[in-house]
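I have placed the structure first, in the form of structure tokens, so that the comments after it can refer back to it.
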Amino acid sequence: MEFTAQQIASFIGGRVEGNEQAKVHTFAKIEEGKEGAITFLSNPKYTHFIYETKASVVLINDDVELEKPVSATLIRVPNAYECVAKLMQMYAASLPKKKGIDPLAFVSKTAEIAEDVYIGPFCYVGDGVRIGEGSMIYPHVTIYDGCQIGKNVTIHAGSVIGADGFGFAPNENGYDKIPQMGIVVIEDDVEIGANTCVDRSTMGQTIIHKGVKLDNLIQVAHNCEIGENTVMSAQVGMAGSTKIGAWCMVGGQAGFSGHITIADKTFIGAQSGVISNTKGNGEQLIGAPAIDPKVFFKAQAVMKRLPDMYKELGALRKEIEELKKQHKA
Amino acid sequence: MEFTAQQIASFIGGRVEGNEQAKVHTFAKIEEGKEGAITFLSNPKYTHFIYETKASVVLINDDVELEKPVSATLIRVPNAYECVAKLMQMYAASLPKKKGIDPLAFVSKTAEIAEDVYIGPFCYVGDGVRIGEGSMIYPHVTIYDGCQIGKNVTIHAGSVIGADGFGFAPNENGYDKIPQMGIVVIEDDVEIGANTCVDRSTMGQTIIHKGVKLDNLIQVAHNCEIGENTVMSAQVGMAGSTKIGAWCMVGGQAGFSGHITIADKTFIGAQSGVISNTKGNGEQLIGAPAIDPKVFFKAQAVMKRLPDMYKELGALRKEIEELKKQHKA
Amino acid sequence: MEFTAQQIASFIGGRVEGNEQAKVHTFAKIEEGKEGAITFLSNPKYTHFIYETKASVVLINDDVELEKPVSATLIRVPNAYECVAKLMQMYAASLPKKKGIDPLAFVSKTAEIAEDVYIGPFCYVGDGVRIGEGSMIYPHVTIYDGCQIGKNVTIHAGSVIGADGFGFAPNENGYDKIPQMGIVVIEDDVEIGANTCVDRSTMGQTIIHKGVKLDNLIQVAHNCEIGENTVMSAQVGMAGSTKIGAWCMVGGQAGFSGHITIADKTFIGAQSGVISNTKGNGEQLIGAPAIDPKVFFKAQAVMKRLPDMYKELGALRKEIEELKKQHKA
């Protein structure tokens, strides 16, 4: 398929600057633009690339002022990132979608698979599992017995849903295993990345609510709950029974202690360690233990001077003792 | 199966408060209790749920004093958590256990698989591997050539046992691979979570001793050794040749440098970075680099005041200089 | 195969001390040496083992002075570690190598697989994938549609190449998925550990350049680029669009923010958090946020004294106020 700058501009409601007949048939990053590609400029860090890009068309925000002429045709829009996303979604929707249960998958006879579901090669779908309409289960996903997957859920390769939670009671010689008798419930519109693990609960359910997006290599322990539309970057870890609210954003490699509750719309920085309940909606936290980002970054800036501060303290002590002596004298 | 409160109390040696004939047939979390469910109260954080739970029976510690009447039948016991675990173990033991080598697994002809072993679909069991009696290997586990798995070992989906350790020697143009010619030995009664990696040693063995419990997404590098009954939470990472003692507990996302030795019964907090040998049994460590938890938490509490301390230091310096001037005058 | 100390010494250019006819047929760690094994002493930490080892032959650096006689035959060389690596490489090269596409693998009809490639059981190789000569793809690897793998690449079990990058644009009710239309390119001589994830780019390519070595459980997000011969330990995480230079070394569990650039030959300590571009080649960084290691370790050493410093500051303040009062008086 090929489109002109003019056709695209009409579709997304933009304004063409340059050759309205410039033709594109593919997408490219601005620094890798080629003839026939459409690209976009959104992050100001990349502005310098617009003068060199070989892309035929560039989506660009209305308010960006350029210092030099550019060879590409521009399409001015209020939000270039949103527009390119819209175009890509349109393009992606036009591509054939993988469907059906691959003959190389294992699906238990007692599993209930809705229509329009894709289950890739080497997936394991255990007894009593339910998978809702339109869900995409990529190769090598394991879904243990009894777990429930909603509609339009995407799970990428290698993720494991419903393995036993980590529960052991010490005895004299070792440990007794606490049976993990609950399940995992994944609600509609959730996307889970590759090689992520969501453990089944001890009893009841580990719940991933509607619209949650989990990146790769994340650990969700037994009895956890993640609220609607919360987003977690890769390698985050949640200990058992922790509840995270709705619309939270969690940076990569952050960790949560067990049995705590995080309010809605909390923003947790990468590599943070959250060890207690959070106070209210909209809070921002970073560090380990996690604190207010302003306090954290100020303290980190001073950290480097700690050794000098230590020396200065010692010097002040001496000088004060000297002053005190002189006083007495 | 259905049991009365009285039957359960007799079995676990508890004392009924309320309706001895209350019947239960399933387990539930206290906040999700339904008619016919037995639950328990152990964590004092959850005490308020006992007044609202719809569970028919609640196991509760002898020493918990309730402020209001509850509708559920109580069974008083010395340790509610242990008792519910015991009941769940009994129930789990009554369920059919997965057994046998699934026809969709790949098991090398030269592997030796003992009796009563379960090997799930899409498992890969390489040449010369041995797996002892009663072990459960969930779907998608890879066991590389030559690795030895003991009795009653459980390995959850997606874990990789015996991939090459990470060894490369730099040369002018890149790296020479150091062949990883050893194996992994996993002793009896070990449980390994999902998507965990235990690398084969360069020579000799990477050893996971008897009774060790590893959670999900853990990295055990080549030549490591983990002592009996040590427990590690998810996403812990051990660099090469490190030896951890027996009965240690390691919090999630903690990391260990290579070539160090950790004494028995060491307690390592979540997200710690342990970079040197530990001193003696029973030590507690947290932070990166890991130090005494008391010191760590005190220092963290003061951290927030660092910028103020820095300003105060500057102020004191000025005032002292002023005092010194006045003295000379 | 069996070799004498004399034969090995001639091969690697070493000098025998002891029985030139001592025979070896296997490799062992120095602390686990047995008759018939060759071992080596390289790390000074392990020197005490040389007096007890039962290995028949020990490779040892020319400059190590021993305090007591040893029973093993020694082979003196300039670099024992390099020599044992060379011997192991020779031995490994003599072993049969896995080859061919296993009948239990899924390989798309539109994939192009070069000669001498190994693709293990349960691998998934999608449409349009290309894999170059001599590459080894261990069991359970998933390679999504369109990804390109070079020559002599090794990918260990469970790794996922080309899953969707993590891109979502918030709307009123949740998120719109940003289609991930690019691919992953893995150049020649790369080795990737087990359960590692390399995401496909939004557009264009996520690139792992020639000779890169990635350990297990690593996250490489969409649009990232890793320069030639860079080495990353386990559990490292890179956020989107970050570019790491050539010949860098990254310690375990380190993390990188998105959209930053790391210069060549940068050394990043374990568990570091790198949040901005680095200044120049050869820089060392550690901590979160990452700083100069000397500054980091000095500051960490003083950290423990922070609470005392805080008290001392308060004490000095009081004493100065006292002195000031006396002055006025």
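How things are named: the first chain in the structure tokens is A, the next is B, and so on; residues count from 1 in each chain; ligands count from 1 in the order shown.
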Kindly determine which residues of chain C lie within 6 Å of chain A, considering only C-alpha atoms, and give the answer as an NGL selection string. :C and (174 or 178-179 or 203-204 or 299)
Considering only C-alpha atoms, return as a ChimeraX atom specification whatever protein or nucleic-acid residues lie within 8 Å of B:Gly182, sequence-local ones (same chain, fewer than 3 positions apart) excluded. /B:200-206
Selection file, N, CA, C and O atoms, as a PDB file, in the first residue's frame:
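The file below, out.pdb, is the result:
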```pdb
ATOM      1  N   ARG B 200      25.394 -24.398  34.368  1.00  0.00           N
ATOM      2  CA  ARG B 200      26.368 -25.466  34.586  1.00  0.00           C
ATOM      3  C   ARG B 200      27.707 -24.834  34.924  1.00  0.00           C
ATOM      4  O   ARG B 200      27.999 -23.685  34.543  1.00  0.00           O
ATOM      5  N   SER B 201      28.557 -25.560  35.617  1.00  0.00           N
ATOM      6  CA  SER B 201      29.850 -25.030  36.023  1.00  0.00           C
ATOM      7  C   SER B 201      30.859 -25.145  34.887  1.00  0.00           C
ATOM      8  O   SER B 201      30.657 -25.888  33.922  1.00  0.00           O
ATOM      9  N   THR B 202      31.934 -24.394  35.011  1.00  0.00           N
ATOM     10  CA  THR B 202      33.014 -24.463  34.040  1.00  0.00           C
ATOM     11  C   THR B 202      33.647 -25.857  34.092  1.00  0.00           C
ATOM     12  O   THR B 202      33.855 -26.501  33.070  1.00  0.00           O
ATOM     13  N   MET B 203      33.954 -26.291  35.308  1.00  0.00           N
ATOM     14  CA  MET B 203      34.352 -27.694  35.523  1.00  0.00           C
ATOM     15  C   MET B 203      33.767 -28.077  36.875  1.00  0.00           C
ATOM     16  O   MET B 203      33.513 -27.223  37.707  1.00  0.00           O
ATOM     17  N   GLY B 204      33.557 -29.358  37.098  1.00  0.00           N
ATOM     18  CA  GLY B 204      32.921 -29.770  38.349  1.00  0.00           C
ATOM     19  C   GLY B 204      31.437 -29.453  38.331  1.00  0.00           C
ATOM     20  O   GLY B 204      30.782 -29.594  37.300  1.00  0.00           O
ATOM     21  N   GLN B 205      30.917 -28.980  39.464  1.00  0.00           N
ATOM     22  CA  GLN B 205      29.466 -28.875  39.609  1.00  0.00           C
ATOM     23  C   GLN B 205      28.992 -27.531  40.175  1.00  0.00           C
ATOM     24  O   GLN B 205      29.617 -26.990  41.079  1.00  0.00           O
ATOM     25  N   THR B 206      27.897 -27.043  39.664  1.00  0.00           N
ATOM     26  CA  THR B 206      27.099 -26.031  40.359  1.00  0.00           C
ATOM     27  C   THR B 206      26.142 -26.837  41.227  1.00  0.00           C
ATOM     28  O   THR B 206      25.453 -27.722  40.713  1.00  0.00           O
TER      29      THR B 206
END
```
B:Asn79 environment, 10 Å, only C-alpha atoms, sequence neighbours closer than 2 positions dropped, as an mmCIF file with C-alpha atoms, in the first residue's frame:
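Output file out-v6.cif follows:
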```
data_model
loop_
_atom_site.group_PDB
_atom_site.id
_atom_site.type_symbol
_atom_site.label_atom_id
_atom_site.label_comp_id
_atom_site.auth_asym_id
_atom_site.auth_seq_id
_atom_site.Cartn_x
_atom_site.Cartn_y
_atom_site.Cartn_z
ATOM 1 C CA GLY B 14 -8.309 -27.051 68.482
ATOM 2 C CA PHE B 40 -7.676 -18.275 59.141
ATOM 3 C CA LEU B 41 -6.462 -15.177 60.939
ATOM 4 C CA SER B 42 -2.732 -15.002 61.532
ATOM 5 C CA LEU B 59 -8.921 -20.728 62.558
ATOM 6 C CA ILE B 60 -7.576 -18.195 65.066
ATOM 7 C CA ASN B 61 -4.705 -18.062 67.569
ATOM 8 C CA ASP B 62 -5.579 -18.805 71.218
ATOM 9 C CA ASP B 63 -4.272 -15.441 72.376
ATOM 10 C CA ARG B 76 -8.927 -21.715 68.619
ATOM 11 C CA VAL B 77 -5.415 -23.143 68.095
ATOM 12 C CA TYR B 81 -1.145 -20.423 60.131
ATOM 13 C CA GLU B 82 0.445 -23.805 60.844
ATOM 14 C CA CYS B 83 -2.968 -25.403 61.266
ATOM 15 C CA VAL B 84 -4.385 -24.120 58.000
#
```
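Computed from the coordinates, the atom CA of C:Phe11 to atom CA of C:Pro78 distance equals 13.8 Å.
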Using the chain letters and numbers from this document, which residues of stretch 86-324 of chain A does DSSP assign to helix (DSSP H, G or I), as a ChimeraX atom specification? /A:86-94,293-303,306-324
Run DSSP on the backbone and tell me which residues of stretch 143-210 of chain B come out as strand (DSSP E or B); list them as a list of chain:residue names. B:Ile143, B:Gln148, B:Ile149, B:Thr154, B:Ile155, B:Val160, B:Ile161, B:Phe168, B:Ala169, B:Pro170, B:Tyr175, B:Asp176, B:Lys177, B:Ile183, B:Val184, B:Val185, B:Ile186, B:Glu191, B:Ile192, B:Cys197, B:Val198, B:Gln205, B:Thr206, B:Ile207, B:Ile208
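Distance-wise, atom CA of B:Ser10 and atom CA of B:Ala55 end up 19.5 Å apart.
Closest approach to B:Asp292 among B:Ala263, B:Ile268, B:Ala239, B:Ala246: B:Ile268, based on only C-alpha atoms.
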Selection near C:Ala114, 10 Å with only C-alpha atoms, sequence-local residues under 6 positions removed, as a VMD selection string: chain C and resid 130 to 135 150 to 151
Write the selection just made, keeping N, CA, C and O atoms, as an mmCIF file, in the first residue's frame?
```
data_model
loop_
_atom_site.group_PDB
_atom_site.id
_atom_site.type_symbol
_atom_site.label_atom_id
_atom_site.label_comp_id
_atom_site.auth_asym_id
_atom_site.auth_seq_id
_atom_site.Cartn_x
_atom_site.Cartn_y
_atom_site.Cartn_z
ATOM 1 N N ARG C 130 15.769 -15.030 9.504
ATOM 2 C CA ARG C 130 16.970 -15.587 8.907
ATOM 3 C C ARG C 130 17.969 -15.941 9.995
ATOM 4 O O ARG C 130 18.169 -15.166 10.930
ATOM 5 N N ILE C 131 18.592 -17.108 9.880
ATOM 6 C CA ILE C 131 19.600 -17.537 10.858
ATOM 7 C C ILE C 131 20.855 -17.936 10.091
ATOM 8 O O ILE C 131 20.805 -18.792 9.208
ATOM 9 N N GLY C 132 21.989 -17.300 10.471
ATOM 10 C CA GLY C 132 23.234 -17.506 9.730
ATOM 11 C C GLY C 132 23.979 -18.768 10.141
ATOM 12 O O GLY C 132 23.732 -19.363 11.194
ATOM 13 N N GLU C 133 24.904 -19.124 9.289
ATOM 14 C CA GLU C 133 25.730 -20.323 9.383
ATOM 15 C C GLU C 133 26.353 -20.527 10.775
ATOM 16 O O GLU C 133 26.890 -19.597 11.369
ATOM 17 N N GLY C 134 26.286 -21.762 11.219
ATOM 18 C CA GLY C 134 26.991 -22.132 12.447
ATOM 19 C C GLY C 134 26.301 -21.715 13.736
ATOM 20 O O GLY C 134 26.847 -21.915 14.820
ATOM 21 N N SER C 135 25.115 -21.153 13.657
ATOM 22 C CA SER C 135 24.448 -20.696 14.888
ATOM 23 C C SER C 135 23.826 -21.865 15.646
ATOM 24 O O SER C 135 23.428 -22.873 15.059
ATOM 25 N N GLY C 150 22.623 -13.524 12.982
ATOM 26 C CA GLY C 150 23.838 -13.654 12.178
ATOM 27 C C GLY C 150 24.473 -15.031 12.250
ATOM 28 O O GLY C 150 23.833 -16.023 12.608
ATOM 29 N N LYS C 151 25.761 -15.057 11.897
ATOM 30 C CA LYS C 151 26.528 -16.312 11.893
ATOM 31 C C LYS C 151 27.131 -16.576 13.273
ATOM 32 O O LYS C 151 27.515 -15.653 13.982
#
```
Between atom CA of A:Asp116 and atom CA of A:Ile226, distance in Å (one decimal): 26.3 Å
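Take the candidates A:Cys123, A:Gly273, A:Ile149, A:Phe166 and check each one against A:Ala221 using only C-alpha atoms; the shortest distance goes to A:Phe166.
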